[in-house]
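**Q** Encoded as structure tokens, here's the structure I'll be asking about.
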Amino acid sequence: MGEKQRRGFAKATVNTILALLCILWSLPTLGLLVSSFRPRDEVLSTGWWQTNPASFTTRNYEQVLAGKEFADPSLPGGVARGNDMGGSFLNSMIVTVPATLIPILIAAFAAYGFAWMNFPGRKLLFTLVVALLVVPLQIALIPLLRDYTGLGLNGTFLSVWLAHTGFGLPLAIYLLFNYISQLPRDILESAFIDGASHFSIFFRLILPLSTPALASFAIFQFLWVWNDLLVALVFLGGNADVAVLTQRLTEMSGSRGQDWHLLTAGAFITMAIPLLVFFSLQRYFVRGLLAGSVKG
Amino acid sequence: MARTETVAELPGSPPPVGRTPTELLAWVFRLLISLIVPLVAFFVLYQGFIFLRDSNAPKLVIALVAIIWGVGGVALLFVLSNWLVERLPDVWRLRIQPYVFIGPGIIMLSWFLAVPVVRTLYQSFFDRTSTNFVGFANYAYAFTSPSMLESFRNNVLWMIVGTGLSVMFGLLIAVLADRSSFESIAKALIFLPMAISFVGAGIIWKFVYALSPGKEQIGLLNAIVTGLGGEPQGWLVKGPWNNFFLIIIMVWLQTGFAMVLLSAALKGVPGELLEAARIDGANEFQIFFRVIIPTIQGTIVTVATTILIATLKIFDIVFVMTNGNFGTEVMASQQYKQMFRFQDFGRGSAVAIILLIAVVPVMIYNLRQFRERRAF
């Protein structure tokens, strides 16, 4: 075999193995997506790989999104029970948007303070931030549950925002500090000479310049909060009115474990937004990952 | 917000003794403003808090109020406290302003992570309701009860197998992708599960593992097994192997993370180094194990540590797939159970402290790295 043929053969082998791995990695998700569009009877009787695209339907989605009642003529009473994923979707939004924006704002201020201001205790406090990077949030669940009970916060959105803010802050401050402290010194100095205050420098200069870092962390935090189950379970508890998507899906998996046509549609609804965020902002996400991320 | 104001006339400074009554009146007025503005702001924020806590308004209204109140409120707090500080004399402003910037962050960190470490440690020496001191009884329970020992064993399995496989697959795919003709598509497909929640991934894989007794198999794995002439299995029921089927889900999710970081590190390996090895007659495998691996060792350690910590705290997958039944309990699911099912805050705290102790080496490593890397 000549050198050229050998190279070509090696490349073909690499491509084949990689393609097989990609198929292996994608099949589970593909099965979920296909099944979510198949009618109930088909999902329960044949494998998704034997699907007939002609029979695809959006009924499963309509039913899981619907509230308490969902018209279903095929049933004796004409009514099926919905899963109120629509309501949970809204709850997830209410939880996720502030729980992403609040820590970013607080962390950006703190990162600026650590990077460009001098004060006693600066080094000690930043060491605390670094130490807290890997602390498991499990450590805080019981004390916070007590505090929240005292404040009457259990089962409110506020409780989850605060918790996600607190748990997300070490990483947020750390990532933003790394970025903000690297900004060129002379930009800030000339602003100071022009008489600008820290506050206006922060809002007019630092925040706009830090957009890439802010975006990276925002994606992290958004995915983290949207996909979180534990914090929601502990602080939102059993209150069905405020249940987020992950809670609802967990509950469905327990109560309707064999209704695969609904579970697959429900799972896909929980995945839709993260996948959208992920694909539209992948560049920032990867950059954030590379900037070092160990989440506690 | 220019800083050129005449500081001496600001309300924080001593009253201008010996000036005209009008000037004194103006000074009092400014002082009052400085007090009233924050009070009004806090009142508005408090009303928002009460509304959000007790309201039964339509969800969309609450959602909007919540987002505006939450985000706007935090911004308002910063603006206000800064406004107050800027009205102080220069000496005090310079002294206090840094704390306006870092204060809220540090307060939140302390309330939600730092202080709970101490509180949880304290509670771990008390009984289920935190009333009677029990010494090390909760830890004795944690290290002797069969279900806790089972979760330690499983956590070790998760950490070794889960981390090992994620890093191996991540490295393999990174290397292959680098030499393939469709690098970006392959990477996107492998990376995609990173966006999926543990719960969503749980459902995806529950469907792969599904068992339909006595019928045609709709679960992919059992269909393959029966297609090959085997008997369909309840993959999640039989211990200890069911743990591996749960761990696969983690590997499926985390490989993309490992791949992205390792791929970036691979691209950083200098081309001359590889050329030199090739000229010396090394084959591709020797180059991989003797040149590439040592060069990217640092990244491998970082990736492995991150995934180790994630597997240590693994909760959602177990909770959704088996709820800890069939011998699949792990530490985090035990902690949750102790807290909520058994209402035993003492034992729950002890398990949390054990989790914390497990990450202490990483914490020390991080701190050491941080100290070495920069003159802070």
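By convention here, the chains of the structure tokens are called A, B, ... in the order presented, each chain's residues are numbered starting at 1, and ligands are numbered starting at 1 in the order presented.
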Fewer than 6 positions away in the same chain doesn't count, so skip those; otherwise give me all residues within 9 Å of Val318 in chain B, counting only C-alpha atoms, as a PyMOL selection string.
**A** chain B and resi 202+246+324-325+328-330+333
**Q** DSSP on the backbone: what in range 31-201 of chain A comes out strand (DSSP E or B), as number ranges by chain?
**A** A: 69-71, 79-81
**Q** Could you write those residues out with C-alpha atoms, as a short mmCIF file (atom, residue, chain, number, x, y, z; two decimals), in the first residue's frame?
**A**
```
data_model
loop_
_atom_site.label_atom_id
_atom_site.label_comp_id
_atom_site.auth_asym_id
_atom_site.auth_seq_id
_atom_site.Cartn_x
_atom_site.Cartn_y
_atom_site.Cartn_z
CA GLU A 69 -58.92 18.70 31.18
CA PHE A 70 -58.17 17.78 27.64
CA ALA A 71 -60.89 16.78 25.14
CA VAL A 79 -62.01 13.99 28.59
CA ALA A 80 -58.43 13.08 29.41
CA ARG A 81 -56.25 14.50 32.14
#
```
**Q** For range 66-76 of chain B, work out the shell of residues within 8 Å, counting only C-alpha atoms and skipping chain neighbours fewer than 3 positions away, then give it as a VMD selection string.
**A** (chain A and resid 94 97 to 98 101 to 102 105 to 106) or (chain B and resid 41 45 48 52 62 to 63 79 to 80)
**Q** By how many Å are CA of Ile293 in chain B and CA of Gly256 in chain B apart?
**A**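 Interatomic distance, CA of Ile293 in chain B to CA of Gly256 in chain B: 18.7 Å.
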**Q** Please provide as a CSV table (one decimal) with N, CA and C atoms, in the first residue's frame all residues within 12 Å of range 189-203 of chain A, with the sequence filter that same-chain residues fewer than 3 positions apart are discarded (counting only C-alpha atoms).
**A**
```
chain,number,residue,atom,x,y,z
A,105,LEU,N,-25.8,40.5,37.8
A,105,LEU,CA,-25.6,41.9,38.2
A,105,LEU,C,-24.8,42.0,39.5
A,108,ALA,N,-21.2,41.0,38.8
A,108,ALA,CA,-20.4,41.9,38.0
A,108,ALA,C,-19.9,43.1,38.9
A,109,PHE,N,-20.8,43.6,39.8
A,109,PHE,CA,-20.4,44.6,40.7
A,109,PHE,C,-19.2,44.1,41.6
A,110,ALA,N,-19.4,42.9,42.1
A,110,ALA,CA,-18.4,42.3,43.0
A,110,ALA,C,-17.1,42.1,42.3
A,111,ALA,N,-17.2,41.6,41.1
A,111,ALA,CA,-16.0,41.4,40.3
A,111,ALA,C,-15.2,42.7,40.0
A,112,TYR,N,-16.0,43.7,39.7
A,112,TYR,CA,-15.4,45.0,39.5
A,112,TYR,C,-14.7,45.5,40.8
A,113,GLY,N,-15.4,45.3,41.9
A,113,GLY,CA,-14.8,45.8,43.2
A,113,GLY,C,-13.5,45.1,43.5
A,115,ALA,N,-11.6,43.7,41.3
A,115,ALA,CA,-10.5,43.9,40.3
A,115,ALA,C,-10.0,45.3,40.4
A,116,TRP,N,-10.8,46.3,40.7
A,116,TRP,CA,-10.3,47.7,40.5
A,116,TRP,C,-10.4,48.6,41.7
A,117,MET,N,-10.8,48.0,42.8
A,117,MET,CA,-10.8,48.8,44.0
A,117,MET,C,-10.0,48.2,45.1
A,180,ILE,N,-12.8,40.7,33.9
A,180,ILE,CA,-12.8,42.2,34.2
A,180,ILE,C,-11.4,42.6,34.6
A,183,LEU,N,-9.0,43.5,31.7
A,183,LEU,CA,-9.3,44.6,30.8
A,183,LEU,C,-8.1,45.6,30.9
A,184,PRO,N,-7.8,46.3,29.8
A,184,PRO,CA,-6.6,47.2,29.8
A,184,PRO,C,-6.8,48.3,30.8
A,185,ARG,N,-5.7,48.5,31.6
A,185,ARG,CA,-5.7,49.5,32.7
A,185,ARG,C,-5.9,50.9,32.2
A,186,ASP,N,-5.3,51.3,31.0
A,186,ASP,CA,-5.3,52.7,30.6
A,186,ASP,C,-6.7,53.2,30.3
A,206,ILE,N,-17.3,49.1,31.8
A,206,ILE,CA,-17.0,47.7,32.2
A,206,ILE,C,-18.1,46.8,31.6
A,207,LEU,N,-19.3,47.1,31.9
A,207,LEU,CA,-20.4,46.2,31.5
A,207,LEU,C,-20.4,46.0,30.0
A,208,PRO,N,-20.3,47.0,29.2
A,208,PRO,CA,-20.3,46.8,27.7
A,208,PRO,C,-19.1,46.0,27.3
A,209,LEU,N,-17.9,46.3,27.9
A,209,LEU,CA,-16.7,45.6,27.5
A,209,LEU,C,-16.7,44.1,27.9
A,210,SER,N,-17.5,43.8,28.9
A,210,SER,CA,-17.5,42.4,29.4
A,210,SER,C,-18.6,41.5,28.8
A,211,THR,N,-19.3,42.0,27.8
A,211,THR,CA,-20.4,41.2,27.2
A,211,THR,C,-20.0,39.8,27.0
B,1,MET,N,-22.9,61.6,36.6
B,1,MET,CA,-22.4,61.3,37.9
B,1,MET,C,-20.9,61.7,38.1
B,2,ALA,N,-20.7,62.8,37.7
B,2,ALA,CA,-19.3,63.3,37.7
B,2,ALA,C,-18.9,63.5,39.2
B,3,ARG,N,-17.6,63.5,39.4
B,3,ARG,CA,-17.1,63.5,40.8
B,3,ARG,C,-16.6,64.9,41.2
B,4,THR,N,-17.0,65.9,40.4
B,4,THR,CA,-16.3,67.2,40.6
B,4,THR,C,-17.1,68.1,41.6
B,5,GLU,N,-18.1,67.5,42.2
B,5,GLU,CA,-19.0,68.3,43.1
B,5,GLU,C,-18.1,68.9,44.2
B,75,ALA,N,-31.0,46.1,41.0
B,75,ALA,CA,-30.4,47.2,40.3
B,75,ALA,C,-30.6,48.5,41.2
B,78,PHE,N,-28.4,48.7,44.3
B,78,PHE,CA,-27.1,49.2,44.0
B,78,PHE,C,-27.1,50.7,43.7
B,79,VAL,N,-28.0,51.2,42.9
B,79,VAL,CA,-28.0,52.6,42.5
B,79,VAL,C,-28.2,53.4,43.7
B,80,LEU,N,-29.1,53.0,44.6
B,80,LEU,CA,-29.4,53.8,45.8
B,80,LEU,C,-28.2,53.8,46.7
B,81,SER,N,-27.7,52.7,47.0
B,81,SER,CA,-26.6,52.7,48.0
B,81,SER,C,-25.4,53.5,47.5
B,82,ASN,N,-25.2,53.4,46.2
B,82,ASN,CA,-24.1,54.2,45.6
B,82,ASN,C,-24.4,55.7,45.7
B,83,TRP,N,-25.7,56.0,45.4
B,83,TRP,CA,-26.1,57.4,45.5
B,83,TRP,C,-25.9,58.0,46.9
B,85,VAL,N,-23.7,56.8,49.1
B,85,VAL,CA,-22.2,56.9,49.3
B,85,VAL,C,-21.6,58.0,48.6
B,86,GLU,N,-22.1,58.3,47.4
B,86,GLU,CA,-21.5,59.4,46.7
B,86,GLU,C,-21.7,60.8,47.4
B,90,ASP,N,-15.3,62.8,50.7
B,90,ASP,CA,-14.4,61.9,50.0
B,90,ASP,C,-13.8,60.8,50.8
B,93,ARG,N,-16.4,58.2,51.4
B,93,ARG,CA,-16.8,57.6,50.2
B,93,ARG,C,-15.8,56.5,49.7
B,94,LEU,N,-14.5,56.9,49.7
B,94,LEU,CA,-13.5,56.0,49.2
B,94,LEU,C,-13.4,54.7,50.1
B,97,GLN,N,-17.3,52.9,49.5
B,97,GLN,CA,-17.7,52.5,48.2
B,97,GLN,C,-17.4,51.0,47.8
B,98,PRO,N,-16.1,50.6,48.0
B,98,PRO,CA,-15.8,49.2,47.6
B,98,PRO,C,-16.8,48.2,48.2
B,100,VAL,N,-19.9,48.8,48.9
B,100,VAL,CA,-21.2,48.8,48.1
B,100,VAL,C,-21.1,47.9,46.9
B,101,PHE,N,-20.0,47.8,46.3
B,101,PHE,CA,-19.8,46.9,45.1
B,101,PHE,C,-19.8,45.5,45.5
```
**Q** So what do you get for CA of Ala265 in chain B versus CA of Phe288 in chain B, distance-wise?
**A** 13.3 Å
**Q** Apply DSSP to the structure's backbone, then extract all residues of range 213-328 of chain B labelled helix (DSSP H, G or I) and return them as a PyMOL selection string.
**A** chain B and resi 220-227+241-267+271-279+284-295+297-312+316-321
**Q** Would you please work out which residue, of A:Ser253, A:Leu137, A:Thr149, A:Ala215, is nearest to Gln335 in chain B when using only C-alpha atoms?
**A**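 Using only C-alpha atoms, the shortest distance to Gln335 in chain B belongs to A:Leu137.
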**Q** May I ask for the distance between CA of Val118 in chain B and CA of Thr305 in chain B, given in Å to one decimal place?
**A**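 Result for CA of Val118 in chain B versus CA of Thr305 in chain B: 25.0 Å, one decimal.
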**Q** Name all residues at most 8 Å from range 260-272 of chain A (count only C-alpha atoms; drop same-chain ones fewer than 2 positions away) and give them as a PyMOL selection string.
**A** (chain A and resi 32-33+35-40+43-44+60-61+63-64+85+89+245-246+249+252-253+256-258+274-276) or (chain B and resi 195-197+200+203-204+207)
**Q** Tell me, as an MDAnalysis selection string, which residues lie within 12 Å of Leu308 in chain B, counting only C-alpha atoms; anything in the same chain fewer than 2 positions away does not count.
**A** (chainID A and resid 134 294:296) or (chainID B and resid 155:167 250:251 254 258 300:306 310:314 358:359 362)
**Q** Between B:Ser151, B:Ser124, B:Asn132, B:Ser180, which one has atoms that come closest to chain A, using only C-alpha atoms?
**A** B:Ser180
**Q** So, counting only C-alpha atoms, which residue among A:Phe167, A:Tyr284, A:Tyr148, A:Phe235 is closest to chain B?
**A**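 Ranking A:Phe167, A:Tyr284, A:Tyr148, A:Phe235 by distance to chain B, first place goes to A:Phe167.
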**Q** Calculated over only C-alpha atoms, which of the candidates B:Ser181, B:Thr120, B:Ser147, B:Ser110 has the smallest distance to Val14 in chain A?
**A** B:Ser181
